[in-house]
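Novice: Hey, dropping protein_30.txt in here, compact mmCIF, C-alpha atoms:
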# COMPACT_ATOMS: atom_id res chain seq x y z
CA MET R 18 47.70 -121.70 -1.22
CA LEU R 19 48.77 -121.17 2.37
CA PRO R 20 49.50 -117.63 3.47
CA LYS R 21 53.18 -116.74 3.63
CA LYS R 22 53.12 -115.69 7.30
CA LEU R 23 51.82 -119.06 8.34
CA LEU R 24 54.66 -120.77 6.54
CA LEU R 25 57.26 -118.49 8.12
CA LYS R 26 55.90 -118.91 11.66
CA ARG R 27 55.76 -122.69 11.49
CA SER R 28 57.23 -124.60 14.45
CA CYS R 29 59.08 -127.33 12.56
CA PRO R 30 61.24 -126.71 9.51
CA LEU R 31 59.57 -127.44 6.24
CA ILE R 32 61.29 -127.83 2.91
CA MET R 33 59.10 -126.40 0.25
CA GLN R 34 59.52 -124.64 -3.03
CA ILE R 35 57.30 -121.70 -3.79
CA ALA R 36 57.11 -120.51 -7.35
CA GLU R 37 56.76 -116.76 -7.29
CA PHE R 38 56.33 -114.22 -10.02
CA HIS R 39 59.25 -111.84 -9.53
CA ARG R 40 57.56 -108.79 -10.88
CA LYS R 41 55.43 -105.86 -9.89
CA PRO R 42 51.74 -106.79 -9.82
CA ARG R 43 49.74 -105.15 -12.56
CA TRP R 44 47.61 -103.08 -10.24
CA LEU R 45 50.52 -101.30 -8.50
CA PRO R 46 51.56 -97.90 -9.86
CA VAL R 47 54.87 -97.19 -11.53
CA ALA R 48 57.84 -97.62 -9.19
CA LYS R 49 59.22 -94.39 -7.70
CA SER R 50 62.58 -94.89 -9.34
CA LYS R 51 60.98 -95.38 -12.74
CA ILE R 52 58.58 -92.45 -12.81
CA TYR R 53 60.77 -90.20 -14.92
CA ARG R 54 62.16 -92.92 -17.15
CA ILE R 55 61.06 -92.28 -20.70
CA PRO R 56 61.70 -95.25 -22.96
CA LYS R 57 63.28 -94.36 -26.24
CA ARG R 58 61.28 -94.99 -29.35
CA PRO R 59 62.76 -97.48 -31.74
CA GLU R 60 64.21 -95.77 -34.77
CA ILE R 61 63.46 -97.61 -37.95
CA SER R 62 64.54 -96.32 -41.30
CA GLU R 63 61.81 -95.62 -43.82
CA GLU R 64 63.06 -98.31 -46.23
CA GLU R 65 63.07 -100.95 -43.54
CA ARG R 66 59.69 -99.91 -42.22
CA LEU R 67 58.05 -100.22 -45.61
CA GLU R 68 59.67 -103.57 -46.34
CA LEU R 69 58.68 -104.95 -42.91
CA LEU R 70 55.14 -103.70 -43.41
CA ARG R 71 54.91 -105.44 -46.78
CA ILE R 72 56.36 -108.70 -45.47
CA ASN R 73 54.17 -108.74 -42.38
CA ASN R 74 51.04 -107.98 -44.39
CA ASN R 75 51.90 -110.82 -46.75
CA TYR R 76 52.48 -113.17 -43.85
CA LYS R 77 49.15 -112.27 -42.25
CA THR R 78 47.19 -112.87 -45.45
CA GLN R 79 48.91 -116.20 -46.03
CA MET R 80 48.36 -117.38 -42.48
CA ARG R 81 44.72 -116.31 -42.54
CA ALA R 82 44.18 -118.39 -45.65
CA ILE R 83 45.85 -121.46 -44.15
CA ARG R 84 43.98 -121.12 -40.87
CA ARG R 85 40.67 -120.76 -42.66
CA PHE R 86 41.40 -123.77 -44.86
CA TYR R 87 42.14 -126.04 -41.92
CA HIS R 88 39.22 -124.71 -39.91
CA GLU R 89 36.82 -125.50 -42.72
CA GLU R 90 38.41 -128.90 -43.21
CA MET R 91 37.96 -129.70 -39.54
CA ILE R 92 34.29 -128.80 -39.72
CA LYS R 93 33.87 -130.90 -42.88
CA GLU R 94 35.57 -133.89 -41.27
CA LYS R 95 33.44 -133.60 -38.18
CA SER R 96 30.21 -133.46 -40.12
CA SER R 97 31.20 -136.42 -42.33
CA LEU R 98 32.12 -138.47 -39.27
CA GLU R 99 28.82 -137.65 -37.66
CA SER R 100 26.84 -138.60 -40.74
CA ALA R 101 28.74 -141.91 -41.04
CA SER R 102 28.15 -142.83 -37.45
CA SER R 103 24.60 -141.57 -37.42
CA GLU R 104 23.08 -144.81 -38.84
CA MET R 105 24.91 -146.96 -36.32
CA SER R 106 24.03 -144.65 -33.52
CA GLN R 107 20.38 -144.63 -34.54
CA LYS R 108 20.21 -148.43 -34.37
CA LEU R 109 21.92 -148.43 -31.00
CA GLU R 110 19.65 -145.73 -29.75
CA ALA R 111 16.52 -147.66 -30.79
CA GLU R 112 17.74 -150.76 -28.96
CA GLU R 113 18.51 -148.74 -25.91
CA TRP R 114 15.05 -147.21 -26.05
CA GLU R 115 13.40 -150.63 -26.27
CA ARG R 116 15.33 -151.85 -23.26
CA CYS R 117 14.45 -148.73 -21.30
CA VAL R 118 10.75 -149.21 -22.08
CA GLN R 119 10.85 -152.82 -20.90
CA ILE R 120 12.51 -151.95 -17.65
CA ASN R 121 10.05 -149.17 -17.12
CA GLU R 122 7.08 -151.47 -17.62
CA GLN R 123 8.50 -153.99 -15.19
CA TRP R 124 8.95 -151.29 -12.61
CA ASN R 125 5.44 -150.06 -13.19
CA LYS R 126 4.00 -153.54 -12.57
CA GLN R 127 5.96 -153.97 -9.37
CA VAL R 128 4.92 -150.59 -8.10
CA ALA R 129 1.26 -151.29 -8.99
CA ALA R 130 1.24 -154.53 -6.96
CA GLU R 131 2.81 -152.79 -4.00
CA ARG R 132 0.31 -149.99 -4.27
CA GLU R 133 -2.64 -152.44 -4.34
CA GLU R 134 -1.48 -154.13 -1.15
CA ARG R 135 -0.92 -150.84 0.56
CA ARG R 136 -4.34 -149.62 -0.52
CA LYS R 137 -6.05 -152.69 0.97
CA ILE R 138 -4.37 -152.21 4.34
CA GLU R 139 -5.18 -148.54 4.27
CA LEU R 140 -8.83 -149.20 3.44
CA ALA R 141 -9.20 -151.66 6.31
CA ALA R 142 -7.65 -149.20 8.72
CA MET R 143 -9.98 -146.49 7.50
CA GLU R 144 -13.05 -148.68 7.96
CA GLU R 145 -12.04 -149.58 11.46
CA TYR R 146 -11.46 -145.98 12.32
CA ALA R 147 -14.83 -144.94 10.89
CA LEU R 148 -16.68 -147.68 12.81
CA LYS R 149 -14.98 -146.70 16.01
CA ARG R 150 -15.98 -143.11 15.49
CA MET R 151 -19.59 -144.06 14.71
CA GLU R 152 -19.84 -146.19 17.86
CA ALA R 153 -18.44 -143.37 19.96
CA LYS R 154 -20.92 -140.98 18.45
CA ASP R 155 -23.83 -143.34 19.16
CA LYS R 156 -22.74 -143.76 22.71
CA GLU R 157 -22.49 -140.03 23.21
CA LEU R 158 -25.96 -139.53 21.75
CA GLN R 159 -27.40 -142.16 24.03
CA GLU R 160 -25.86 -140.52 27.04
CA ARG R 161 -27.22 -137.16 26.04
CA ILE R 162 -30.73 -138.58 25.58
CA LEU R 163 -30.51 -140.20 28.99
CA LYS R 164 -29.41 -136.99 30.62
CA ALA R 165 -32.19 -135.05 28.90
CA SER R 166 -34.88 -137.53 29.94
CA GLU R 167 -33.68 -137.34 33.53
CA LYS R 168 -33.89 -133.57 33.42
CA ILE R 169 -37.42 -133.73 32.01
CA LYS R 170 -38.47 -136.09 34.77
CA ARG R 171 -37.10 -133.74 37.42
CA GLU R 172 -38.81 -130.76 35.85
CA LYS R 173 -42.09 -132.60 35.69
CA GLU R 174 -41.85 -133.41 39.38
CA LEU R 175 -41.10 -129.78 40.14
CA SER R 176 -43.96 -128.56 37.95
CA SER R 177 -46.50 -129.56 40.62
CA THR R 178 -45.25 -126.66 42.77
CA PHE R 179 -45.37 -124.04 39.97
CA ILE R 180 -47.66 -121.06 40.29
CA THR R 181 -50.33 -121.26 37.57
CA PRO R 182 -53.23 -118.87 36.76
CA ASP R 183 -55.49 -121.28 38.65
CA ASN R 184 -53.69 -121.15 41.94
CA LEU R 185 -52.34 -117.61 41.58
CA GLU R 186 -54.78 -116.16 44.12
CA ALA R 187 -53.98 -118.81 46.64
CA ALA R 188 -50.26 -118.23 46.18
CA ILE R 189 -50.64 -114.47 46.70
CA ASP R 190 -52.66 -115.08 49.77
CA HIS R 191 -50.12 -117.47 51.08
CA ALA R 192 -47.31 -114.97 50.41
CA LEU R 193 -49.14 -112.19 52.15
CA ALA R 194 -49.94 -114.42 55.06
CA ASN R 195 -46.35 -115.48 55.58
CA PRO R 196 -44.00 -112.53 54.93
CA VAL R 197 -40.38 -113.47 54.73
CA ASP R 198 -37.70 -111.22 56.02
CA TYR R 199 -34.33 -111.76 54.33
CA ASN R 200 -32.45 -109.28 56.52
CA PHE R 201 -30.06 -110.80 58.91
CA ALA R 202 -27.30 -109.88 61.29
CA ILE R 203 -24.10 -111.66 62.05
CA ASP R 204 -22.11 -111.54 65.25
CA LEU R 205 -18.46 -112.07 65.91
CA LYS R 206 -18.88 -115.76 66.40
CA GLY R 207 -20.55 -116.20 63.08
CA ASN R 208 -24.06 -116.73 64.38
CA ILE R 209 -26.64 -115.60 61.85
CA ILE R 210 -29.66 -113.90 63.34
CA SER R 211 -32.32 -113.58 60.64
CA GLY R 212 -35.04 -110.96 60.57
CA ARG R 213 -34.92 -107.26 61.15
CA ASP R 214 -36.93 -107.16 64.32
CA THR R 215 -35.69 -110.28 65.99
CA GLN R 216 -34.54 -109.78 69.51
CA ILE R 217 -30.96 -110.67 70.18
CA PRO R 218 -30.65 -112.77 73.26
CA LYS R 219 -28.15 -111.10 75.57
CA PRO R 220 -25.24 -113.38 76.29
CA GLU R 221 -24.41 -113.61 80.00
CA LYS R 222 -20.80 -114.67 79.65
CA THR R 223 -19.78 -111.48 77.93
CA GLN R 224 -20.86 -109.47 80.97
CA ALA R 225 -18.86 -111.68 83.22
CA THR R 226 -15.71 -111.18 81.21
CA VAL R 227 -16.25 -107.41 81.18
CA MET H 17 59.41 -59.85 -26.26
CA SER H 18 60.65 -63.37 -26.55
CA SER H 19 58.13 -66.05 -27.26
CA PRO H 20 57.60 -68.56 -24.45
CA VAL H 21 59.56 -71.75 -24.84
CA ILE H 22 57.41 -74.85 -24.63
CA LYS H 23 59.28 -77.94 -23.56
CA TYR H 24 57.42 -81.24 -23.71
CA VAL H 25 58.34 -84.01 -21.30
CA GLY H 26 57.20 -87.59 -21.52
CA ARG H 27 56.48 -90.19 -24.11
CA THR H 28 56.01 -89.11 -27.67
CA THR H 29 52.94 -89.91 -29.71
CA ASN H 30 51.99 -90.39 -33.31
CA PHE H 31 49.02 -88.10 -32.92
CA LYS H 32 49.19 -84.56 -34.15
CA GLY H 33 46.40 -82.10 -33.62
CA LYS H 34 43.49 -81.50 -31.28
CA THR H 35 40.54 -83.49 -30.01
CA LEU H 36 37.41 -83.12 -32.05
CA TRP H 37 35.64 -81.13 -29.35
CA GLU H 38 38.48 -78.64 -29.17
CA ILE H 39 38.00 -77.93 -32.87
CA VAL H 40 34.24 -78.14 -33.13
CA GLY H 41 33.43 -76.39 -29.85
CA SER H 42 35.21 -73.19 -30.85
CA LEU H 43 33.61 -72.89 -34.30
CA LYS H 44 30.45 -71.12 -35.36
CA ASN H 45 27.48 -73.50 -35.53
CA TYR H 46 29.81 -76.22 -34.24
CA GLY H 47 31.63 -76.22 -37.55
CA VAL H 48 28.90 -77.80 -39.65
CA GLY H 49 30.05 -77.79 -43.27
CA ARG H 50 33.74 -77.53 -42.43
CA ILE H 51 36.31 -80.12 -43.31
CA ILE H 52 38.47 -81.95 -40.79
CA VAL H 53 41.32 -84.38 -41.24
CA ARG H 54 42.78 -87.20 -39.17
CA SER H 55 46.51 -86.68 -39.27
CA VAL H 56 47.15 -90.46 -38.99
CA PHE H 57 45.44 -91.02 -42.33
CA GLN H 58 47.63 -88.42 -44.03
CA ARG H 59 50.18 -91.18 -44.53
CA TYR H 60 48.28 -92.34 -47.60
CA SER H 61 48.98 -90.65 -50.89
CA GLU H 62 45.26 -90.35 -51.66
CA PRO H 63 43.40 -87.58 -49.83
CA SER H 64 41.32 -88.55 -46.80
CA PHE H 65 39.08 -86.01 -45.16
CA MET H 66 35.71 -85.62 -43.47
CA LYS H 67 33.00 -83.04 -43.89
CA ILE H 68 30.99 -82.30 -40.76
CA VAL H 69 27.25 -82.75 -41.24
CA LYS H 70 25.80 -82.84 -37.76
CA VAL H 71 27.14 -82.31 -34.25
CA GLU H 72 25.73 -83.41 -30.93
CA THR H 73 27.30 -82.42 -27.64
CA CYS H 74 27.82 -84.90 -24.84
CA PRO H 75 27.00 -84.86 -21.12
CA ASP H 76 29.46 -83.47 -18.64
CA GLU H 77 30.90 -86.89 -17.78
CA GLU H 78 32.20 -87.22 -21.33
CA ARG H 79 33.77 -83.83 -21.64
CA ARG H 80 36.49 -84.93 -24.05
CA ARG H 81 34.03 -86.40 -26.52
CA VAL H 82 31.47 -85.22 -29.07
CA ARG H 83 29.12 -87.06 -31.33
CA VAL H 84 29.75 -85.95 -34.89
CA TRP H 85 28.34 -87.25 -38.16
CA VAL H 86 30.58 -86.78 -41.15
CA GLU H 87 30.72 -87.42 -44.85
CA LYS H 88 33.87 -89.45 -45.00
CA THR H 89 36.26 -89.63 -47.90
CA PHE H 90 38.88 -92.27 -47.27
CA ARG H 91 41.81 -92.65 -49.65
CA GLY H 92 39.99 -90.76 -52.37
CA ARG H 93 36.82 -92.83 -52.12
CA LYS H 94 33.68 -91.30 -50.67
CA LEU H 95 31.67 -93.60 -48.39
CA PRO H 96 28.00 -93.90 -49.33
CA ASN H 97 26.69 -93.50 -45.76
CA LEU H 98 27.31 -90.94 -43.07
CA THR H 99 29.84 -92.00 -40.46
CA GLU H 100 29.39 -91.33 -36.78
CA ILE H 101 32.46 -90.32 -34.79
CA TYR H 102 32.05 -90.81 -31.09
CA ARG H 103 34.41 -93.45 -29.73
CA THR H 104 37.43 -91.91 -31.39
CA SER H 105 36.44 -88.27 -30.93
CA TYR H 106 38.67 -87.90 -27.86
CA LYS H 107 41.85 -88.60 -29.83
CA PRO H 108 44.00 -85.49 -30.16
CA ASP H 109 44.57 -86.24 -33.82
CA TYR H 110 42.10 -84.01 -35.68
CA ASN H 111 43.04 -81.01 -37.77
CA LEU H 112 40.79 -78.36 -39.24
CA ILE H 113 41.28 -77.44 -42.88
CA PRO H 114 41.19 -73.66 -43.43
CA LYS H 115 38.42 -72.46 -45.71
CA HIS H 116 40.66 -71.36 -48.55
CA GLU H 117 42.28 -74.80 -48.78
CA GLU H 118 39.04 -76.72 -48.89
CA VAL H 119 38.57 -76.24 -52.63
CA LYS H 120 42.03 -77.55 -53.40
CA LEU H 121 41.45 -80.65 -51.29
CA LEU H 122 38.09 -81.41 -52.90
CA GLU H 123 39.58 -81.02 -56.35
CA SER H 124 42.48 -83.31 -55.54
CA ALA H 125 39.96 -85.94 -54.45
CA LYS H 126 38.20 -85.71 -57.79
CA SER H 127 41.27 -86.88 -59.67
CA TYR H 128 41.20 -90.15 -57.72
CA GLU H 129 37.56 -90.92 -58.50
CA ASN H 130 38.13 -92.30 -61.99
CA LEU H 131 41.10 -94.51 -61.23
CA PRO H 132 40.77 -98.14 -62.31
CA GLU H 133 39.31 -100.40 -59.63
CA VAL H 134 41.64 -102.68 -57.72
CA ILE H 135 40.24 -106.19 -57.32
CA LEU H 136 41.70 -108.42 -54.61
CA PRO H 137 41.90 -112.17 -55.18
CA ASN H 138 39.58 -114.48 -53.25
CA SER H 139 41.93 -117.44 -53.35
CA ILE H 140 45.61 -118.13 -52.87
CA GLU H 141 47.91 -120.97 -53.82
CA MET H 142 49.08 -123.31 -51.09
CA PRO H 143 52.64 -123.16 -49.77
CA PRO H 144 54.94 -125.82 -51.30
CA LEU H 145 55.26 -128.05 -48.23
CA MET H 146 51.54 -127.99 -47.61
CA LYS H 147 50.93 -129.15 -51.18
CA LYS H 148 52.96 -132.29 -50.52
CA PHE H 149 51.52 -132.84 -47.07
CA ILE H 150 47.90 -132.44 -47.98
CA VAL H 151 47.93 -135.23 -50.58
CA LYS H 152 49.20 -137.78 -48.07
CA ASP H 153 47.00 -136.44 -45.32
CA HIS H 154 43.86 -136.73 -47.40
CA GLU H 155 44.78 -140.23 -48.50
CA LYS H 156 45.23 -141.23 -44.88
CA LYS H 157 41.90 -139.80 -43.83
CA GLY H 158 40.09 -141.19 -46.83
CA LEU H 159 39.03 -137.83 -48.11
CA GLU H 160 38.96 -136.83 -51.77
CA VAL H 161 42.34 -135.86 -53.17
CA ILE H 162 42.87 -132.20 -53.95
CA LYS H 163 43.93 -131.41 -57.50
CA ASP H 164 44.15 -127.64 -57.62
CA TYR H 165 46.18 -126.49 -54.66
CA VAL H 166 44.15 -123.38 -53.93
CA MET H 167 42.77 -122.10 -50.65
CA PRO H 168 40.05 -119.52 -50.13
CA LEU H 169 41.26 -116.20 -48.82
CA SER H 170 39.38 -114.26 -46.17
CA TYR H 171 39.54 -110.56 -45.41
CA HIS H 172 38.58 -108.56 -42.35
CA TYR H 173 35.47 -106.49 -42.78
CA SER H 174 35.95 -102.75 -42.96
CA PRO H 175 33.59 -100.02 -44.12
CA ASN H 176 36.67 -98.14 -45.30
CA ARG H 177 37.76 -100.86 -47.74
CA VAL H 178 38.98 -99.21 -50.89
CA LYS H 179 39.90 -102.27 -52.85
CA ARG H 180 37.17 -104.63 -53.96
CA ILE H 181 37.26 -108.36 -53.26
CA ALA H 182 36.71 -110.54 -56.32
CA LYS H 183 33.39 -112.36 -56.51
CA GLY H 184 33.24 -115.82 -58.04
CA ASP H 185 35.51 -116.28 -61.04
CA GLU H 186 36.32 -112.61 -61.43
CA LYS H 187 39.90 -111.96 -62.43
CA PRO H 188 41.79 -110.06 -59.73
CA THR H 189 44.12 -107.24 -60.62
CA VAL H 190 46.48 -108.08 -57.75
CA GLN H 191 47.96 -111.49 -56.99
CA PHE H 192 49.10 -112.78 -53.64
CA THR H 193 51.69 -115.56 -53.59
CA MET H 194 53.32 -117.62 -50.90
CA ALA H 195 56.78 -116.45 -51.95
CA LEU H 196 58.71 -113.45 -50.69
CA GLY H 197 57.55 -111.27 -53.55
CA THR H 198 59.26 -108.25 -54.94
CA PRO H 199 60.85 -106.15 -52.20
CA VAL H 200 59.83 -102.52 -51.79
CA SER H 201 63.29 -101.42 -50.86
CA PRO H 202 65.83 -103.51 -52.77
CA SER H 203 68.72 -101.81 -51.03
CA LEU H 204 68.09 -104.04 -48.01
CA TYR H 205 68.66 -107.15 -50.09
CA GLU H 206 72.02 -106.17 -51.52
CA GLY H 207 74.19 -109.21 -52.09
CA VAL H 208 71.29 -111.59 -51.51
CA GLN H 209 70.16 -113.67 -54.40
CA LEU H 210 66.42 -113.41 -54.84
CA GLN H 211 64.47 -115.87 -56.86
Once more with this new file: its structure as structure tokens, please.
Specialist:
Amino acid sequence: MLPKKLLLKRSCPLIMQIAEFHRKPRWLPVAKSKIYRIPKRPEISEEERLELLRINNNYKTQMRAIRRFYHEEMIKEKSSLESASSEMSQKLEAEEWERCVQINEQWNKQVAAEREERRKIELAAMEEYALKRMEAKDKELQERILKASEKIKREKELSSTFITPDNLEAAIDHALANPVDYNFAIDLKGNIISGRDTQIPKPEKTQATV
Amino acid sequence: MSSPVIKYVGRTTNFKGKTLWEIVGSLKNYGVGRIIVRSVFQRYSEPSFMKIVKVETCPDEERRRVRVWVEKTFRGRKLPNLTEIYRTSYKPDYNLIPKHEEVKLLESAKSYENLPEVILPNSIEMPPLMKKFIVKDHEKKGLEVIKDYVMPLSYHYSPNRVKRIAKGDEKPTVQFTMALGTPVSPSLYEGVQLQ
């Protein structure tokens, strides 16, 4: 339902009928004008009250009996109908079941064939992938062996210069005979002058500029 | 000294008396052993009263209520089990019987104990139009044709039931018919020919 404001504010006129409940909603309190209104109790004479009570009680018992009778009859009818139709329905149900089973088997076959094909393709792809990986691995191994052998060769060549217990004395002697001085100085031009005691040649141009 | 005039304003009620807590709360030992009466049930000619056996108070949220167990005598018949009053304990409809009247009440109940039992019927005859209708209806539906036009009668369950419902082929002492029956107040039917 559209809100009322929206309907009232519409741009073009609209002919519409709204059914409204012309009454106070249940949740609102008693109207101000009705607060002190006390409804009068109906006055029924004792004779009438007793007679009405008797008649109404009678009516209720009678109606209860009729209602119960028809309720039970309805249930009986329903159950008898169900039992009558149950044989027919069982036959129908069995046929339906058979048909369902057949369709299911057909579907199963179809799906199995599809699955077989798919599996073949998948297996081939897997084999290819595995072979590729194995080849790559072999190649890598080969390369590594090559690299290692090269390194060994280099080391072997270098091993001729190693200091061994045999030529230790000679090496010490050689070291003592040729001391190496790692100290060095560096000038503004970037010239490296190695050795602590090396004489620095005096540049002549610097004097001229000064 | 003139007594204060109490003027009640508002709707009237059928209740007459106090709530159960108002009675029980102001008595010694919560009134165990005393007899109370619902004024609504005084409309029956047989005595109906309740003897308090046990009282339990209620939390503060339920300050108008109490939980009371009573030995109930309804319309002269004592119920075999104790009855709990809780849901209806707030109703301002209970009256306390003074101690000197208790004996009289109990004695009056005794006279109703040995009355002959009233047995209610468990079946009722069909109304006249239904008798005619049901034959045709059953023929149409292919059901078996009814010969005795009798329907089973059902009653609401009540622990207070005074009259007994007939079991099986027991002969009831009261009969219900589909007719108007005998009027209680014949003055209302003056000038009307009754069958």
Novice: Once you add 6 Å to each side, what are the centre and edge lengths of the axis-aligned box holding all listed atoms of stretch 90-94 of chain H? One decimal in Å, as lines of an AutoDock Vina configuration file, if you can.
Specialist:
center_x = 37.7
center_y = -91.8
center_z = -49.8
size_x = 20.1
size_y = 14.1
size_z = 17.1
Novice: Chain R residues within 9 Å of chain H, counting only C-alpha atoms: which ones, as JSON, numbers by chain?
Specialist: {"R": [53, 54, 55, 56, 57, 58, 64, 65, 67, 68, 71, 72, 75, 76, 78, 79, 81, 82, 83, 85, 86, 94]}
Novice: For a quick check of understanding, using only C-alpha atoms, which of H:Ile135, H:Met66, H:Val71, H:Ile101 has the smallest distance to H:Ile113?
Specialist: H:Met66
Novice: Calculate how many Å separate atom CA of R:Lys137 from atom CA of R:Val118, rounding to one decimal.
Specialist: 28.7 Å
Novice: Could you jot down the atom CA of R:Ser176 to atom CA of R:Glu157 separation for me, Å, one decimal place?
Specialist: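 Value for the atom CA of R:Ser176-atom CA of R:Glu157 distance: 28.5 Å.
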Novice: Provide the atom CA of H:Glu133 to atom CA of H:Glu118 distance in Å, to one decimal place.
Specialist: 26.0 Å
Novice: Between H:Val21, H:Tyr46, H:Tyr165, H:Gln58, which has the minimum distance to H:Tyr110 (counting only C-alpha atoms)?
Specialist: H:Gln58
Novice: I'd like the contact shell of H:Gly33 - 9 Å cut-off, all atoms listed in the file, skipping same-chain residues fewer than 5 positions apart - returned as a PDB file with C-alpha atoms, in the coordinates of the input.
Specialist:
ATOM      1  CA  ARG H  54      42.780 -87.200 -39.170  1.00  0.00           C
ATOM      2  CA  SER H  55      46.510 -86.680 -39.270  1.00  0.00           C
ATOM      3  CA  LYS H 107      41.850 -88.600 -29.830  1.00  0.00           C
ATOM      4  CA  PRO H 108      44.000 -85.490 -30.160  1.00  0.00           C
ATOM      5  CA  ASP H 109      44.570 -86.240 -33.820  1.00  0.00           C
ATOM      6  CA  TYR H 110      42.100 -84.010 -35.680  1.00  0.00           C
ATOM      7  CA  ASN H 111      43.040 -81.010 -37.770  1.00  0.00           C
ATOM      8  CA  LEU H 112      40.790 -78.360 -39.240  1.00  0.00           C
TER       9      LEU H 112
END
